[in-house]
$ cat upload38.csv   # CSV, C-alpha atoms
chain,number,residue,atom,x,y,z
M,1,MET,CA,157.7,57.4,124.7
M,2,ARG,CA,160.6,59.6,125.6
M,3,VAL,CA,163.8,58.1,124.4
M,4,GLY,CA,167.2,59.5,125.2
M,5,LEU,CA,169.8,58.9,122.5
M,6,THR,CA,173.5,59.4,123.2
M,7,GLY,CA,176.9,58.2,122.3
M,8,GLY,CA,180.5,59.5,122.1
M,9,ILE,CA,181.7,61.7,119.3
M,10,GLY,CA,182.0,59.6,116.1
M,11,SER,CA,179.8,56.8,117.4
M,12,GLY,CA,177.2,57.1,114.7
M,13,LYS,CA,174.6,58.6,117.0
M,14,SER,CA,173.4,61.1,114.4
M,15,THR,CA,172.9,58.4,111.8
M,16,VAL,CA,170.8,56.4,114.3
M,17,ALA,CA,168.8,59.5,115.0
M,18,ALA,CA,168.1,60.0,111.3
M,19,LEU,CA,167.0,56.3,111.0
M,20,LEU,CA,164.6,56.7,113.9
M,21,ALA,CA,163.3,60.0,112.4
M,22,ALA,CA,162.7,58.1,109.1
M,23,LYS,CA,160.5,55.6,110.9
M,24,GLY,CA,158.4,58.4,112.4
M,25,ALA,CA,160.1,59.4,115.6
M,26,VAL,CA,160.3,63.1,116.4
M,27,VAL,CA,164.0,63.9,117.0
M,28,VAL,CA,164.9,66.9,119.2
M,29,ASP,CA,168.6,67.7,118.8
M,30,ALA,CA,170.3,69.2,121.8
M,31,ASP,CA,173.3,70.4,119.8
M,32,ALA,CA,171.0,72.3,117.4
M,33,VAL,CA,169.2,73.9,120.3
M,34,SER,CA,172.5,74.7,122.0
M,35,ARG,CA,173.8,76.4,118.8
M,36,ALA,CA,170.6,78.4,118.6
M,37,CYS,CA,171.1,79.6,122.2
M,38,THR,CA,174.6,80.7,121.5
M,39,ALA,CA,173.9,82.3,118.1
M,40,PRO,CA,173.5,86.1,117.7
M,41,GLY,CA,170.5,87.1,119.8
M,42,GLY,CA,170.4,83.6,121.4
M,43,ALA,CA,169.1,83.2,124.9
M,44,ALA,CA,172.5,82.4,126.3
M,45,ILE,CA,174.5,85.3,124.9
M,46,ALA,CA,173.7,87.9,127.7
M,47,PHE,CA,174.6,85.3,130.4
M,48,ILE,CA,177.8,84.4,128.6
M,49,ARG,CA,178.8,88.0,128.3
M,50,ASP,CA,178.1,88.6,132.0
M,51,THR,CA,180.1,85.5,133.0
M,52,PHE,CA,183.0,85.6,130.6
M,53,GLY,CA,183.1,89.1,129.2
M,54,ASP,CA,182.9,90.6,125.8
M,55,ASP,CA,186.0,88.8,124.6
M,56,LEU,CA,184.0,85.5,124.3
M,57,ILE,CA,181.4,87.1,122.0
M,58,ASP,CA,182.4,87.4,118.3
M,59,ALA,CA,181.8,90.4,116.0
M,60,LYS,CA,178.4,89.0,114.9
M,61,GLY,CA,177.2,88.7,118.5
M,62,ALA,CA,177.5,84.9,118.8
M,63,LEU,CA,179.6,82.8,121.2
M,64,ASP,CA,183.2,82.8,119.9
M,65,ARG,CA,183.5,79.0,119.9
M,66,GLN,CA,187.2,78.9,119.1
M,67,LYS,CA,188.0,81.3,122.0
M,68,MET,CA,185.7,79.3,124.3
M,69,ARG,CA,187.5,76.0,123.3
M,70,GLU,CA,190.8,77.6,124.2
M,71,LEU,CA,189.5,78.9,127.5
M,72,VAL,CA,188.1,75.5,128.5
M,73,PHE,CA,191.4,73.8,127.9
M,74,GLN,CA,193.2,76.4,130.0
M,75,ASP,CA,190.7,76.8,132.8
M,76,SER,CA,189.1,73.6,134.2
M,77,THR,CA,186.2,75.6,135.7
M,78,ALA,CA,185.2,77.4,132.4
M,79,ARG,CA,183.4,74.4,131.0
M,80,LYS,CA,181.3,74.0,134.2
M,81,ARG,CA,180.4,77.7,134.2
M,82,LEU,CA,179.4,77.5,130.5
M,83,GLU,CA,177.3,74.4,131.0
M,84,ALA,CA,175.6,76.0,134.0
M,85,ILE,CA,174.4,78.6,131.6
M,86,ILE,CA,173.6,76.5,128.6
M,87,HIS,CA,172.2,73.2,129.9
M,88,PRO,CA,169.1,74.7,131.7
M,89,LEU,CA,168.3,76.8,128.6
M,90,VAL,CA,168.7,73.8,126.3
M,91,ALA,CA,166.6,71.6,128.5
M,92,HIS,CA,163.8,74.3,128.7
M,93,GLU,CA,163.8,74.8,124.9
M,94,MET,CA,163.8,71.0,124.2
M,95,GLU,CA,160.9,70.5,126.6
M,96,ARG,CA,159.0,73.3,124.9
M,97,ASP,CA,159.6,71.7,121.5
M,98,VAL,CA,158.4,68.3,122.9
M,99,ALA,CA,155.2,69.8,124.3
M,100,VAL,CA,154.4,71.1,120.8
M,101,GLN,CA,155.1,67.7,119.2
M,102,LEU,CA,153.1,65.8,121.8
M,103,ALA,CA,150.2,68.1,121.3
M,104,ALA,CA,150.4,67.4,117.6
M,105,GLY,CA,150.1,63.7,118.3
M,106,ALA,CA,153.7,62.4,118.3
M,107,SER,CA,154.0,58.9,119.9
M,108,CYS,CA,157.8,58.8,120.2
M,109,VAL,CA,160.2,61.7,120.9
M,110,VAL,CA,163.9,61.0,120.7
M,111,PHE,CA,166.1,63.4,122.6
M,112,ASP,CA,169.4,63.4,120.8
M,113,ILE,CA,171.7,64.5,123.6
M,114,PRO,CA,175.5,64.0,123.3
M,115,LEU,CA,176.0,64.9,127.0
M,116,LEU,CA,173.0,63.0,128.3
M,117,VAL,CA,175.1,60.9,130.8
M,118,GLU,CA,177.0,64.0,132.0
M,119,SER,CA,173.9,65.9,132.7
M,120,ALA,CA,172.2,64.5,135.8
M,121,HIS,CA,168.7,65.9,135.3
M,122,TRP,CA,167.8,63.9,132.1
M,123,ARG,CA,167.4,60.4,133.5
M,124,SER,CA,164.2,61.2,135.4
M,125,ARG,CA,162.7,62.8,132.2
M,126,LEU,CA,163.2,59.8,130.0
M,127,ASP,CA,161.6,56.4,129.5
M,128,PHE,CA,164.5,54.7,127.8
M,129,ILE,CA,168.2,55.4,127.1
M,130,LEU,CA,169.7,54.2,123.9
M,131,VAL,CA,173.5,54.3,123.7
M,132,VAL,CA,175.3,54.1,120.3
M,133,ASP,CA,178.7,52.6,121.0
M,134,CYS,CA,181.9,51.7,119.2
M,135,GLU,CA,185.6,51.3,120.0
M,136,ALA,CA,187.6,54.5,120.7
M,137,GLN,CA,189.9,54.0,117.7
M,138,THR,CA,186.9,53.8,115.5
M,139,GLN,CA,185.6,57.1,116.9
M,140,ILE,CA,188.9,58.8,116.3
M,141,ALA,CA,189.2,57.5,112.7
M,142,ARG,CA,185.7,58.6,111.9
M,143,VAL,CA,186.0,62.1,113.3
M,144,VAL,CA,189.5,62.7,111.8
M,145,ARG,CA,188.1,61.6,108.4
M,146,ARG,CA,185.0,63.8,108.5
M,147,SER,CA,186.2,66.9,110.3
M,148,GLY,CA,189.9,67.4,109.6
M,149,LEU,CA,190.7,67.5,113.4
M,150,THR,CA,194.0,65.8,114.4
M,151,GLU,CA,193.9,62.6,116.5
M,152,SER,CA,195.1,64.5,119.6
M,153,GLU,CA,192.3,67.1,119.1
M,154,VAL,CA,189.7,64.3,118.9
M,155,ARG,CA,191.2,62.6,122.0
M,156,GLY,CA,190.8,66.0,123.7
M,157,VAL,CA,187.1,66.1,122.9
M,158,MET,CA,186.7,62.5,124.0
M,159,ALA,CA,188.3,63.3,127.3
M,160,THR,CA,185.6,65.9,128.0
M,161,GLN,CA,182.8,63.4,127.5
M,162,ALA,CA,181.7,60.7,129.8
M,163,SER,CA,183.7,57.5,129.7
M,164,ARG,CA,182.5,54.7,127.5
M,165,ALA,CA,182.0,52.6,130.7
M,166,LYS,CA,179.8,55.3,132.2
M,167,ARG,CA,177.7,55.6,129.1
M,168,LEU,CA,177.2,51.8,128.8
M,169,SER,CA,176.2,51.6,132.5
M,170,ALA,CA,173.5,54.2,131.9
M,171,ALA,CA,172.0,52.4,128.9
M,172,ASP,CA,168.7,50.5,128.6
M,173,HIS,CA,169.9,49.3,125.2
M,174,VAL,CA,173.3,49.4,123.5
M,175,LEU,CA,173.6,49.6,119.7
M,176,TYR,CA,177.1,48.5,118.9
M,177,ASN,CA,178.2,50.3,115.7
M,178,ASP,CA,181.6,49.1,114.9
M,179,GLY,CA,182.5,47.7,111.5
M,180,LEU,CA,178.9,47.9,110.3
M,181,THR,CA,177.6,49.0,106.9
M,182,LEU,CA,174.8,51.5,106.9
M,183,ASP,CA,172.4,48.7,105.9
M,184,GLN,CA,173.6,46.6,108.9
M,185,LEU,CA,173.2,49.6,111.2
M,186,GLU,CA,169.7,50.1,109.9
M,187,VAL,CA,168.8,46.4,110.6
M,188,LEU,CA,170.0,46.8,114.2
M,189,THR,CA,168.1,50.0,114.6
M,190,ALA,CA,165.0,48.4,113.2
M,191,GLN,CA,165.1,45.7,115.9
M,192,ILE,CA,164.3,48.3,118.5
M,193,TYR,CA,161.6,50.3,116.6
M,194,ALA,CA,158.8,48.3,118.1
M,195,ARG,CA,159.9,49.1,121.7
M,196,PHE,CA,159.4,52.8,120.8
M,197,GLY,CA,155.9,52.3,119.2
M,198,LEU,CA,157.3,53.0,115.7
$ encode --input "upload38.csv" --output "structure tokens"
Amino acid sequence: MRVGLTGGIGSGKSTVAALLAAKGAVVVDADAVSRACTAPGGAAIAFIRDTFGDDLIDAKGALDRQKMRELVFQDSTARKRLEAIIHPLVAHEMERDVAVQLAAGASCVVFDIPLLVESAHWRSRLDFILVVDCEAQTQIARVVRRSGLTESEVRGVMATQASRAKRLSAADHVLYNDGLTLDQLEVLTAQIYARFGL
């Protein structure tokens, strides 16, 4: 079973991923793979340097995330150019990880992909899409509390993600995570374990 897990920033997607992992799912985290690709010596670094120049590579040889954030906000094409580099590399690495897990006998692999809906190629590779959802104001409050970003910065990140309506329309199942305790979220997550063979 190949499950795509997604949700907007602050939705609680990572918590649901951890709950699924605790029940035996193998979780492959797109953000972690992306960070590895843009770390010093990562597979994306040479391509980023060729596309954006040395200025976007920091002193350690990694992607300079702050400068890239600034560029993306100034240049509407920069995000697409960066994604054209990173998305195929991330997909390839994730598929390689999954092949190893399946060979080891995994029955359920959860692809934790924040930009699942935004990236067209994932739908055909997945058996099921689980969306973790909550109100926009809840997202903002959670992210401000945990990260120290301002409300306007969080809204800026949200504006770069698929709309809530678009995520919901792509879902095979929606887990609504607003006003829940961790125990209540665990109960809701448990209701879908059986569908994933867990």
$ closest_atom_pairs --input "upload38.csv" --of "stretch 13-120 of chain M" --to "stretch 149-160 of chain M" --cutoff "12 Å" --atoms "only C-alpha atoms" --output "JSON lines"
{"residue": "M:Arg69", "atom": "CA", "partner": "M:Val157", "partner_atom": "CA", "distance": 9.9}
{"residue": "M:Glu70", "atom": "CA", "partner": "M:Gly156", "partner_atom": "CA", "distance": 11.6}
{"residue": "M:Val72", "atom": "CA", "partner": "M:Thr160", "partner_atom": "CA", "distance": 9.9}
{"residue": "M:Phe73", "atom": "CA", "partner": "M:Gly156", "partner_atom": "CA", "distance": 8.9}
{"residue": "M:Ser76", "atom": "CA", "partner": "M:Thr160", "partner_atom": "CA", "distance": 10.5}
{"residue": "M:Arg79", "atom": "CA", "partner": "M:Thr160", "partner_atom": "CA", "distance": 9.3}
{"residue": "M:Lys80", "atom": "CA", "partner": "M:Thr160", "partner_atom": "CA", "distance": 11.1}
{"residue": "M:Pro114", "atom": "CA", "partner": "M:Thr160", "partner_atom": "CA", "distance": 11.3}
{"residue": "M:Leu115", "atom": "CA", "partner": "M:Thr160", "partner_atom": "CA", "distance": 9.7}
{"residue": "M:Val117", "atom": "CA", "partner": "M:Thr160", "partner_atom": "CA", "distance": 12.0}
{"residue": "M:Glu118", "atom": "CA", "partner": "M:Thr160", "partner_atom": "CA", "distance": 9.7}
$ residues_around --input "upload38.csv" --residues "M:Ile45" --least-positions-apart "4" --cutoff "12 Å" --atoms "all atoms listed in the file" --output "MDAnalysis selection string"
chainID M and resid 34:41 49:54 56:58 60:64 82 85:86 89
$ closest_atom_pairs --input "upload38.csv" --of "stretch 116-162 of chain M" --to "stretch 172-192 of chain M" --cutoff "10 Å" --atoms "all atoms listed in the file" --output "tab-separated table"
residue	atom	partner	partner_atom	distance
M:Asp127	CA	M:Asp172	CA	9.3
M:Phe128	CA	M:Asp172	CA	6.0
M:Ile129	CA	M:Asp172	CA	5.1
M:Leu130	CA	M:His173	CA	5.1
M:Val131	CA	M:Val174	CA	4.9
M:Val132	CA	M:Leu175	CA	4.8
M:Asp133	CA	M:Tyr176	CA	4.9
M:Cys134	CA	M:Asp178	CA	5.0
M:Glu135	CA	M:Asp178	CA	6.8
M:Ala136	CA	M:Asp178	CA	9.9
M:Thr138	CA	M:Asp178	CA	7.1
M:Gln139	CA	M:Asp178	CA	9.2
$ closest_residue --input "upload38.csv" --among "M:Phe111, M:Ile140, M:Ser169, M:Ser124" --to "M:Ala21" --atoms "all atoms listed in the file"
M:Phe111
$ atom_distance --input "upload38.csv" --atom1 "atom CA of M:Arg146" --atom2 "atom CA of M:Thr6"
19.2 Å
$ closest_residue --input "upload38.csv" --among "M:Lys23, M:Gly8, M:Val109, M:Arg123" --to "M:Ala170" --atoms "only C-alpha atoms"
M:Arg123
$ atom_distance --input "upload38.csv" --atom1 "atom CA of M:Gln161" --atom2 "atom CA of M:Ala99"
28.5 Å
$ atom_distance --input "upload38.csv" --atom1 "atom CA of M:Gln74" --atom2 "atom CA of M:Asp55"
15.3 Å
$ closest_residue --input "upload38.csv" --among "M:Leu126, M:Leu20, M:Ala30, M:Ala25" --to "M:Arg2" --atoms "all atoms listed in the file"
M:Leu126
$ closest_residue --input "upload38.csv" --among "M:Ala165, M:Val33, M:Ala171, M:Asp75" --to "M:Arg96" --atoms "all atoms listed in the file"
M:Val33
$ decode --input "upload38.csv" --residues "stretch 127-161 of chain M" --atoms "N, CA and C atoms" --output "PDB file, in the first residue's frame"
ATOM      1  N   ASP M 127      -1.554   4.744  -4.079  1.00  0.00           N
ATOM      2  CA  ASP M 127      -2.823   4.024  -3.979  1.00  0.00           C
ATOM      3  C   ASP M 127      -3.885   4.837  -3.251  1.00  0.00           C
ATOM      4  N   PHE M 128      -3.447   5.777  -2.416  1.00  0.00           N
ATOM      5  CA  PHE M 128      -4.379   6.453  -1.514  1.00  0.00           C
ATOM      6  C   PHE M 128      -3.766   7.786  -1.110  1.00  0.00           C
ATOM      7  N   ILE M 129      -4.586   8.832  -1.062  1.00  0.00           N
ATOM      8  CA  ILE M 129      -4.104  10.134  -0.591  1.00  0.00           C
ATOM      9  C   ILE M 129      -4.869  10.528   0.669  1.00  0.00           C
ATOM     10  N   LEU M 130      -4.105  10.736   1.746  1.00  0.00           N
ATOM     11  CA  LEU M 130      -4.643  11.160   3.038  1.00  0.00           C
ATOM     12  C   LEU M 130      -4.248  12.613   3.254  1.00  0.00           C
ATOM     13  N   VAL M 131      -5.250  13.472   3.430  1.00  0.00           N
ATOM     14  CA  VAL M 131      -5.007  14.897   3.659  1.00  0.00           C
ATOM     15  C   VAL M 131      -5.338  15.230   5.107  1.00  0.00           C
ATOM     16  N   VAL M 132      -4.385  15.853   5.794  1.00  0.00           N
ATOM     17  CA  VAL M 132      -4.626  16.376   7.136  1.00  0.00           C
ATOM     18  C   VAL M 132      -5.004  17.842   6.972  1.00  0.00           C
ATOM     19  N   ASP M 133      -6.149  18.203   7.526  1.00  0.00           N
ATOM     20  CA  ASP M 133      -6.731  19.518   7.252  1.00  0.00           C
ATOM     21  C   ASP M 133      -7.095  20.236   8.544  1.00  0.00           C
ATOM     22  N   CYS M 134      -7.043  21.569   8.501  1.00  0.00           N
ATOM     23  CA  CYS M 134      -7.553  22.389   9.597  1.00  0.00           C
ATOM     24  C   CYS M 134      -7.816  23.788   9.051  1.00  0.00           C
ATOM     25  N   GLU M 135      -8.408  24.638   9.866  1.00  0.00           N
ATOM     26  CA  GLU M 135      -8.701  26.006   9.456  1.00  0.00           C
ATOM     27  C   GLU M 135      -7.397  26.802   9.297  1.00  0.00           C
ATOM     28  N   ALA M 136      -7.424  27.786   8.404  1.00  0.00           N
ATOM     29  CA  ALA M 136      -6.229  28.595   8.138  1.00  0.00           C
ATOM     30  C   ALA M 136      -5.731  29.293   9.400  1.00  0.00           C
ATOM     31  N   GLN M 137      -6.636  29.797  10.217  1.00  0.00           N
ATOM     32  CA  GLN M 137      -6.211  30.506  11.428  1.00  0.00           C
ATOM     33  C   GLN M 137      -5.511  29.561  12.404  1.00  0.00           C
ATOM     34  N   THR M 138      -5.939  28.300  12.404  1.00  0.00           N
ATOM     35  CA  THR M 138      -5.276  27.303  13.252  1.00  0.00           C
ATOM     36  C   THR M 138      -3.865  27.040  12.744  1.00  0.00           C
ATOM     37  N   GLN M 139      -3.712  26.910  11.428  1.00  0.00           N
ATOM     38  CA  GLN M 139      -2.379  26.734  10.852  1.00  0.00           C
ATOM     39  C   GLN M 139      -1.450  27.867  11.280  1.00  0.00           C
ATOM     40  N   ILE M 140      -1.933  29.087  11.118  1.00  0.00           N
ATOM     41  CA  ILE M 140      -1.106  30.259  11.422  1.00  0.00           C
ATOM     42  C   ILE M 140      -0.694  30.258  12.890  1.00  0.00           C
ATOM     43  N   ALA M 141      -1.662  30.027  13.780  1.00  0.00           N
ATOM     44  CA  ALA M 141      -1.371  30.044  15.220  1.00  0.00           C
ATOM     45  C   ALA M 141      -0.336  28.981  15.585  1.00  0.00           C
ATOM     46  N   ARG M 142      -0.481  27.780  15.023  1.00  0.00           N
ATOM     47  CA  ARG M 142       0.464  26.703  15.335  1.00  0.00           C
ATOM     48  C   ARG M 142       1.874  27.035  14.864  1.00  0.00           C
ATOM     49  N   VAL M 143       1.980  27.551  13.641  1.00  0.00           N
ATOM     50  CA  VAL M 143       3.307  27.801  13.086  1.00  0.00           C
ATOM     51  C   VAL M 143       3.981  28.975  13.787  1.00  0.00           C
ATOM     52  N   VAL M 144       3.224  30.026  14.087  1.00  0.00           N
ATOM     53  CA  VAL M 144       3.788  31.164  14.823  1.00  0.00           C
ATOM     54  C   VAL M 144       4.301  30.690  16.178  1.00  0.00           C
ATOM     55  N   ARG M 145       3.521  29.841  16.857  1.00  0.00           N
ATOM     56  CA  ARG M 145       3.889  29.349  18.189  1.00  0.00           C
ATOM     57  C   ARG M 145       5.164  28.504  18.151  1.00  0.00           C
ATOM     58  N   ARG M 146       5.310  27.654  17.128  1.00  0.00           N
ATOM     59  CA  ARG M 146       6.442  26.720  17.135  1.00  0.00           C
ATOM     60  C   ARG M 146       7.690  27.279  16.461  1.00  0.00           C
ATOM     61  N   SER M 147       7.533  28.252  15.558  1.00  0.00           N
ATOM     62  CA  SER M 147       8.685  28.653  14.732  1.00  0.00           C
ATOM     63  C   SER M 147       9.179  30.059  14.988  1.00  0.00           C
ATOM     64  N   GLY M 148       8.337  30.897  15.558  1.00  0.00           N
ATOM     65  CA  GLY M 148       8.743  32.284  15.737  1.00  0.00           C
ATOM     66  C   GLY M 148       8.540  33.143  14.500  1.00  0.00           C
ATOM     67  N   LEU M 149       8.009  32.576  13.416  1.00  0.00           N
ATOM     68  CA  LEU M 149       7.688  33.376  12.236  1.00  0.00           C
ATOM     69  C   LEU M 149       6.526  34.305  12.572  1.00  0.00           C
ATOM     70  N   THR M 150       6.437  35.414  11.861  1.00  0.00           N
ATOM     71  CA  THR M 150       5.303  36.318  12.042  1.00  0.00           C
ATOM     72  C   THR M 150       4.095  35.781  11.278  1.00  0.00           C
ATOM     73  N   GLU M 151       2.925  36.325  11.596  1.00  0.00           N
ATOM     74  CA  GLU M 151       1.721  35.890  10.888  1.00  0.00           C
ATOM     75  C   GLU M 151       1.843  36.153   9.388  1.00  0.00           C
ATOM     76  N   SER M 152       2.394  37.299   9.012  1.00  0.00           N
ATOM     77  CA  SER M 152       2.506  37.599   7.578  1.00  0.00           C
ATOM     78  C   SER M 152       3.478  36.652   6.887  1.00  0.00           C
ATOM     79  N   GLU M 153       4.544  36.240   7.587  1.00  0.00           N
ATOM     80  CA  GLU M 153       5.483  35.273   7.001  1.00  0.00           C
ATOM     81  C   GLU M 153       4.803  33.917   6.807  1.00  0.00           C
ATOM     82  N   VAL M 154       4.008  33.507   7.776  1.00  0.00           N
ATOM     83  CA  VAL M 154       3.300  32.231   7.649  1.00  0.00           C
ATOM     84  C   VAL M 154       2.302  32.302   6.495  1.00  0.00           C
ATOM     85  N   ARG M 155       1.594  33.425   6.406  1.00  0.00           N
ATOM     86  CA  ARG M 155       0.644  33.589   5.286  1.00  0.00           C
ATOM     87  C   ARG M 155       1.379  33.540   3.950  1.00  0.00           C
ATOM     88  N   GLY M 156       2.602  34.074   3.922  1.00  0.00           N
ATOM     89  CA  GLY M 156       3.408  34.017   2.704  1.00  0.00           C
ATOM     90  C   GLY M 156       3.731  32.590   2.305  1.00  0.00           C
ATOM     91  N   VAL M 157       4.089  31.756   3.299  1.00  0.00           N
ATOM     92  CA  VAL M 157       4.354  30.338   3.021  1.00  0.00           C
ATOM     93  C   VAL M 157       3.080  29.659   2.532  1.00  0.00           C
ATOM     94  N   MET M 158       1.973  29.926   3.203  1.00  0.00           N
ATOM     95  CA  MET M 158       0.694  29.310   2.820  1.00  0.00           C
ATOM     96  C   MET M 158       0.302  29.674   1.396  1.00  0.00           C
ATOM     97  N   ALA M 159       0.628  30.899   0.996  1.00  0.00           N
ATOM     98  CA  ALA M 159       0.277  31.355  -0.358  1.00  0.00           C
ATOM     99  C   ALA M 159       1.028  30.590  -1.439  1.00  0.00           C
ATOM    100  N   THR M 160       2.183  29.997  -1.073  1.00  0.00           N
ATOM    101  CA  THR M 160       2.960  29.235  -2.054  1.00  0.00           C
ATOM    102  C   THR M 160       2.483  27.786  -2.147  1.00  0.00           C
ATOM    103  N   GLN M 161       1.627  27.362  -1.209  1.00  0.00           N
ATOM    104  CA  GLN M 161       1.134  25.983  -1.210  1.00  0.00           C
ATOM    105  C   GLN M 161      -0.205  25.914  -1.931  1.00  0.00           C
TER     106      GLN M 161
END
